[in-house]
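Enquirer: Provided herewith is a single structure, encoded as structure tokens, for subsequent inquiry.
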Amino acid sequence: MGYGTEMKIAVVAVALNEERFIKPWLQHIPDWVDTKCVLVTEKPWFGDQNIFRDKTYEVAEEAGAMVVKRDWASEHEQRNFGQDLFGDYDWIIILDPDEFLDNNNWYQLRKFIESEPQNDAFVVDHQLTYWKDGYVADPPRDYQQLILVRPGIRFVDKRVVNSSYGIAPVFIHHFSWARTDIEVWEKISHYAHANDFDTDKWYTEVWKKWEPGMKDVHPTSPDTLHNLIPAKLPPELESLNLWPTT
């Protein structure tokens with residue numbers, strides 16, 4: 001099947017405080033994806049509103065994306081809004097601004113879509129999770145993030161949908177913790193797990209004191225970041241300058 005003609009594909013991201021990642025994220029999406037859509041929340045669901053700052057909307061709009069900014073009551077309502085925008089499309093790729101595919105994985109995802117898979121929702125095989133300014137979790141996280149859905153599928157909680165899952169033969173590069181101090185503080189203050197752990201203690205005792213060799217550092221599931229080793233990115237991702245600078 002052809003792309004942009006017989007088959008229509010969108011990529012949809014939900015975003016909050018992703019102004020550093022959003023431009024390279026948009027740049028790395030291949031031309032066979034018909035529409036790049038970014039859904040920007042007007043305010044955080046958790047944490048101190050006074051420290052909230054976000055230029056994601058402006059950066060994404062300037063980069064040519066389809067951008068919607070509004071106040072959704074929850075993450076799954078925000079994601080369902082994106083589903084409704086593309087009801088006449090064949091597939092929606094779910095990929096947030098700190099999640100990247102290298103060239104080979106984009107190629108594999110395209111081949112997989114062309115094979116006309118029978119499930120209505122697919123997760124990745126695994127993900128590489130990055131930390132600070134040049135480290136990656138070892139071994140890779142076996143967390144299978146949702147990446148591909150049919151438009152009629154509904155989100156019921158965060159990134160969980162009302163469908164059984166297949167596995168797409170791809171993995172993602174997740175820069176969730178490849179952030180500056182202020183970016184991490186805003187992340188843990190405002191994201192969906194903000195009430196699940198002592199943010200002040202984790203930030204001061206783990207994040208700020210981290211040095212190579214420290215283990216089990218994830219704030220809510222420590223052993224998912226059991227060991228961190230120096231990372232080597234694929235050249236196409238290295239060229240996007242995704243590592244934080246202080």
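In the structure tokens, the first chain shown is A, the next is B, and so on; residue numbers restart at 1 for each chain, and ligands run from 1 in the order shown.
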Could you tell me, as a VMD selection string, which residues of region 59-228 of chain A DSSP assigns to strand (DSSP E) when given the backbone?
Expert: chain A and resid 66 to 70 91 to 94 99 to 100 121 to 131 135 to 137 146 to 149 155 to 157 160 to 161 166 to 177 228
Enquirer: Can you pull out the residues contacting region 151-153 of chain A? Cut-off 12 Å, using only C-alpha atoms, and skip same-chain residues under 5 positions away; I want them as a ChimeraX atom specification.
Expert: /A:8-12,76,79-94,119-122,159-165
Enquirer: Put those residues in a file: N, CA and C atoms, as an mmCIF file, in the first residue's frame.
Expert:
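Printed below is part-v3.cif as written:
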data_model
loop_
_atom_site.group_PDB
_atom_site.id
_atom_site.type_symbol
_atom_site.label_atom_id
_atom_site.label_comp_id
_atom_site.auth_asym_id
_atom_site.auth_seq_id
_atom_site.Cartn_x
_atom_site.Cartn_y
_atom_site.Cartn_z
ATOM 1 N N LYS A 8 -3.607 6.353 5.312
ATOM 2 C CA LYS A 8 -3.341 7.614 5.998
ATOM 3 C C LYS A 8 -2.863 7.319 7.414
ATOM 4 N N ILE A 9 -1.760 7.958 7.781
ATOM 5 C CA ILE A 9 -1.124 7.700 9.063
ATOM 6 C C ILE A 9 -0.817 9.020 9.749
ATOM 7 N N ALA A 10 -1.142 9.104 11.024
ATOM 8 C CA ALA A 10 -0.803 10.263 11.840
ATOM 9 C C ALA A 10 0.073 9.817 12.999
ATOM 10 N N VAL A 11 0.886 10.735 13.503
ATOM 11 C CA VAL A 11 1.583 10.518 14.754
ATOM 12 C C VAL A 11 1.072 11.567 15.728
ATOM 13 N N VAL A 12 0.706 11.138 16.927
ATOM 14 C CA VAL A 12 0.109 12.032 17.914
ATOM 15 C C VAL A 12 0.900 11.948 19.217
ATOM 16 N N HIS A 76 -5.858 10.389 29.640
ATOM 17 C CA HIS A 76 -6.567 9.548 28.668
ATOM 18 C C HIS A 76 -7.618 10.350 27.898
ATOM 19 N N ARG A 79 -5.609 11.989 25.171
ATOM 20 C CA ARG A 79 -5.274 11.048 24.101
ATOM 21 C C ARG A 79 -6.502 10.692 23.262
ATOM 22 N N ASN A 80 -7.667 10.565 23.886
ATOM 23 C CA ASN A 80 -8.879 10.286 23.117
ATOM 24 C C ASN A 80 -9.264 11.453 22.220
ATOM 25 N N PHE A 81 -8.969 12.662 22.646
ATOM 26 C CA PHE A 81 -9.167 13.828 21.780
ATOM 27 C C PHE A 81 -8.355 13.650 20.492
ATOM 28 N N GLY A 82 -7.123 13.186 20.636
ATOM 29 C CA GLY A 82 -6.295 12.924 19.463
ATOM 30 C C GLY A 82 -6.866 11.827 18.589
ATOM 31 N N GLN A 83 -7.422 10.794 19.212
ATOM 32 C CA GLN A 83 -8.064 9.734 18.437
ATOM 33 C C GLN A 83 -9.200 10.288 17.576
ATOM 34 N N ASP A 84 -9.978 11.191 18.154
ATOM 35 C CA ASP A 84 -11.139 11.740 17.449
ATOM 36 C C ASP A 84 -10.740 12.633 16.284
ATOM 37 N N LEU A 85 -9.556 13.220 16.351
ATOM 38 C CA LEU A 85 -9.104 14.085 15.256
ATOM 39 C C LEU A 85 -8.820 13.298 13.983
ATOM 40 N N PHE A 86 -8.532 12.005 14.144
ATOM 41 C CA PHE A 86 -8.073 11.221 12.997
ATOM 42 C C PHE A 86 -8.939 9.980 12.773
ATOM 43 N N GLY A 87 -10.237 10.159 12.920
ATOM 44 C CA GLY A 87 -11.159 9.048 12.746
ATOM 45 C C GLY A 87 -11.161 8.451 11.357
ATOM 46 N N ASP A 88 -10.760 9.220 10.340
ATOM 47 C CA ASP A 88 -10.746 8.716 8.969
ATOM 48 C C ASP A 88 -9.362 8.232 8.533
ATOM 49 N N TYR A 89 -8.427 8.134 9.478
ATOM 50 C CA TYR A 89 -7.088 7.628 9.164
ATOM 51 C C TYR A 89 -7.053 6.114 9.363
ATOM 52 N N ASP A 90 -6.006 5.498 8.846
ATOM 53 C CA ASP A 90 -5.851 4.049 8.990
ATOM 54 C C ASP A 90 -5.151 3.673 10.293
ATOM 55 N N TRP A 91 -4.110 4.439 10.634
ATOM 56 C CA TRP A 91 -3.348 4.145 11.847
ATOM 57 C C TRP A 91 -2.920 5.444 12.513
ATOM 58 N N ILE A 92 -2.785 5.376 13.842
ATOM 59 C CA ILE A 92 -2.237 6.476 14.607
ATOM 60 C C ILE A 92 -1.024 5.956 15.378
ATOM 61 N N ILE A 93 0.120 6.586 15.146
ATOM 62 C CA ILE A 93 1.331 6.260 15.893
ATOM 63 C C ILE A 93 1.332 7.087 17.175
ATOM 64 N N ILE A 94 1.506 6.422 18.305
ATOM 65 C CA ILE A 94 1.543 7.088 19.607
ATOM 66 C C ILE A 94 3.007 7.189 20.024
ATOM 67 N N ASN A 119 -4.285 -7.019 14.739
ATOM 68 C CA ASN A 119 -4.702 -6.383 15.990
ATOM 69 C C ASN A 119 -5.024 -4.910 15.767
ATOM 70 N N ASP A 120 -5.711 -4.316 16.732
ATOM 71 C CA ASP A 120 -6.029 -2.889 16.663
ATOM 72 C C ASP A 120 -5.110 -2.035 17.520
ATOM 73 N N ALA A 121 -4.222 -2.649 18.287
ATOM 74 C CA ALA A 121 -3.285 -1.918 19.132
ATOM 75 C C ALA A 121 -1.998 -2.719 19.264
ATOM 76 N N PHE A 122 -0.864 -2.012 19.253
ATOM 77 C CA PHE A 122 0.433 -2.676 19.327
ATOM 78 C C PHE A 122 1.367 -1.929 20.259
ATOM 79 N N ARG A 159 -1.810 5.654 29.113
ATOM 80 C CA ARG A 159 -1.495 5.096 27.792
ATOM 81 C C ARG A 159 -2.005 3.663 27.660
ATOM 82 N N VAL A 160 -3.129 3.404 28.289
ATOM 83 C CA VAL A 160 -3.767 2.080 28.274
ATOM 84 C C VAL A 160 -5.047 2.177 27.458
ATOM 85 N N VAL A 161 -5.263 1.203 26.575
ATOM 86 C CA VAL A 161 -6.431 1.248 25.697
ATOM 87 C C VAL A 161 -7.342 0.045 25.919
ATOM 88 N N ASN A 162 -8.544 0.151 25.371
ATOM 89 C CA ASN A 162 -9.569 -0.892 25.551
ATOM 90 C C ASN A 162 -9.455 -1.960 24.479
ATOM 91 N N SER A 163 -8.285 -2.520 24.333
ATOM 92 C CA SER A 163 -8.057 -3.523 23.284
ATOM 93 C C SER A 163 -6.953 -4.461 23.729
ATOM 94 N N SER A 164 -6.965 -5.661 23.180
ATOM 95 C CA SER A 164 -5.818 -6.540 23.372
ATOM 96 C C SER A 164 -4.652 -6.001 22.548
ATOM 97 N N TYR A 165 -3.433 -6.401 22.925
ATOM 98 C CA TYR A 165 -2.232 -5.854 22.301
ATOM 99 C C TYR A 165 -1.502 -6.909 21.488
#
Enquirer: If you measure from CA of Ala168 (chain A) to CA of Val124 (chain A), what distance in Å do you get, rounded to one decimal?
Expert: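 A separation of 5.3 Å between them.
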Enquirer: List the neighbours of region 223-236 of chain A out to 9 Å using only C-alpha atoms; skip same-chain residues closer than 6 positions along the sequence, and give me the result as a list in words.
Expert: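 Near region 223-236 of chain A, the qualifying residues are His28, Asp102, Asn103, Thr129, Tyr130, Trp131, Gly134, Tyr135, Val136, Ala137, Asp138, Pro139, Pro140, Arg141, Asp142, Tyr143, His173, Pro212, Gly213, Met214, Lys215, Asp216 and Val217 of chain A.
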Enquirer: Residues of the last selection are to be written out with N, CA and C atoms, as a PDB file, in the first residue's frame.
Expert:
ATOM      1  N   HIS A  28      12.517  14.367  13.238  1.00  0.00           N
ATOM      2  CA  HIS A  28      12.953  12.996  13.017  1.00  0.00           C
ATOM      3  C   HIS A  28      11.845  12.100  12.469  1.00  0.00           C
ATOM      4  N   ASP A 102      15.009   5.258  15.753  1.00  0.00           N
ATOM      5  CA  ASP A 102      16.115   5.435  14.816  1.00  0.00           C
ATOM      6  C   ASP A 102      15.638   5.034  13.420  1.00  0.00           C
ATOM      7  N   ASN A 103      16.466   5.257  12.422  1.00  0.00           N
ATOM      8  CA  ASN A 103      16.049   5.027  11.034  1.00  0.00           C
ATOM      9  C   ASN A 103      15.609   3.593  10.791  1.00  0.00           C
ATOM     10  N   THR A 129      16.148   3.306  27.743  1.00  0.00           N
ATOM     11  CA  THR A 129      15.824   4.452  28.584  1.00  0.00           C
ATOM     12  C   THR A 129      17.096   5.203  28.934  1.00  0.00           C
ATOM     13  N   TYR A 130      17.112   6.507  28.626  1.00  0.00           N
ATOM     14  CA  TYR A 130      18.318   7.308  28.794  1.00  0.00           C
ATOM     15  C   TYR A 130      18.250   8.168  30.051  1.00  0.00           C
ATOM     16  N   TRP A 131      19.423   8.464  30.575  1.00  0.00           N
ATOM     17  CA  TRP A 131      19.559   9.110  31.884  1.00  0.00           C
ATOM     18  C   TRP A 131      20.626  10.194  31.824  1.00  0.00           C
ATOM     19  N   GLY A 134      24.185  11.246  28.990  1.00  0.00           N
ATOM     20  CA  GLY A 134      24.972  10.286  28.238  1.00  0.00           C
ATOM     21  C   GLY A 134      24.930   8.867  28.731  1.00  0.00           C
ATOM     22  N   TYR A 135      23.904   8.495  29.483  1.00  0.00           N
ATOM     23  CA  TYR A 135      23.810   7.152  30.034  1.00  0.00           C
ATOM     24  C   TYR A 135      22.512   6.476  29.598  1.00  0.00           C
ATOM     25  N   VAL A 136      22.545   5.136  29.608  1.00  0.00           N
ATOM     26  CA  VAL A 136      21.391   4.343  29.218  1.00  0.00           C
ATOM     27  C   VAL A 136      21.232   3.183  30.192  1.00  0.00           C
ATOM     28  N   ALA A 137      19.979   2.796  30.440  1.00  0.00           N
ATOM     29  CA  ALA A 137      19.716   1.684  31.343  1.00  0.00           C
ATOM     30  C   ALA A 137      20.210   0.374  30.744  1.00  0.00           C
ATOM     31  N   ASP A 138      20.840  -0.425  31.560  1.00  0.00           N
ATOM     32  CA  ASP A 138      21.351  -1.736  31.151  1.00  0.00           C
ATOM     33  C   ASP A 138      21.003  -2.745  32.238  1.00  0.00           C
ATOM     34  N   PRO A 139      20.208  -3.782  31.941  1.00  0.00           N
ATOM     35  CA  PRO A 139      19.669  -4.112  30.619  1.00  0.00           C
ATOM     36  C   PRO A 139      18.543  -3.171  30.205  1.00  0.00           C
ATOM     37  N   PRO A 140      18.149  -3.209  28.914  1.00  0.00           N
ATOM     38  CA  PRO A 140      17.030  -2.373  28.474  1.00  0.00           C
ATOM     39  C   PRO A 140      15.756  -2.707  29.238  1.00  0.00           C
ATOM     40  N   ARG A 141      14.907  -1.693  29.399  1.00  0.00           N
ATOM     41  CA  ARG A 141      13.627  -1.935  30.076  1.00  0.00           C
ATOM     42  C   ARG A 141      12.747  -2.805  29.199  1.00  0.00           C
ATOM     43  N   ASP A 142      12.098  -3.793  29.819  1.00  0.00           N
ATOM     44  CA  ASP A 142      11.172  -4.642  29.071  1.00  0.00           C
ATOM     45  C   ASP A 142       9.764  -4.063  29.042  1.00  0.00           C
ATOM     46  N   TYR A 143       9.643  -2.815  29.500  1.00  0.00           N
ATOM     47  CA  TYR A 143       8.332  -2.158  29.482  1.00  0.00           C
ATOM     48  C   TYR A 143       7.884  -1.951  28.045  1.00  0.00           C
ATOM     49  N   HIS A 173      13.771   4.729  21.607  1.00  0.00           N
ATOM     50  CA  HIS A 173      14.778   5.391  22.419  1.00  0.00           C
ATOM     51  C   HIS A 173      14.037   6.411  23.277  1.00  0.00           C
ATOM     52  N   PRO A 212      28.105   7.709  38.473  1.00  0.00           N
ATOM     53  CA  PRO A 212      28.203   6.372  37.874  1.00  0.00           C
ATOM     54  C   PRO A 212      28.452   5.300  38.918  1.00  0.00           C
ATOM     55  N   GLY A 213      27.693   4.226  38.804  1.00  0.00           N
ATOM     56  CA  GLY A 213      27.781   3.130  39.762  1.00  0.00           C
ATOM     57  C   GLY A 213      26.570   3.028  40.660  1.00  0.00           C
ATOM     58  N   MET A 214      25.828   4.140  40.855  1.00  0.00           N
ATOM     59  CA  MET A 214      24.602   4.068  41.640  1.00  0.00           C
ATOM     60  C   MET A 214      23.557   3.257  40.893  1.00  0.00           C
ATOM     61  N   LYS A 215      22.813   2.440  41.603  1.00  0.00           N
ATOM     62  CA  LYS A 215      21.850   1.536  40.978  1.00  0.00           C
ATOM     63  C   LYS A 215      20.445   1.786  41.509  1.00  0.00           C
ATOM     64  N   ASP A 216      19.473   1.240  40.772  1.00  0.00           N
ATOM     65  CA  ASP A 216      18.059   1.276  41.191  1.00  0.00           C
ATOM     66  C   ASP A 216      17.597   2.694  41.492  1.00  0.00           C
ATOM     67  N   VAL A 217      17.617   3.546  40.468  1.00  0.00           N
ATOM     68  CA  VAL A 217      17.404   4.972  40.694  1.00  0.00           C
ATOM     69  C   VAL A 217      16.045   5.492  40.218  1.00  0.00           C
TER      70      VAL A 217
END
Enquirer: How many Å lie between CA of Tyr191 (chain A) and CA of Leu95 (chain A), rounded to one decimal?
Expert: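 For CA of Tyr191 (chain A) relative to CA of Leu95 (chain A), the distance reads 16.5 Å.
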Enquirer: Go ahead and compute the interatomic distance for CA of Lys187 (chain A) and CA of Phe21 (chain A), in Å to one decimal.
Expert: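 One can read the CA of Lys187 (chain A) to CA of Phe21 (chain A) distance as 13.4 Å.
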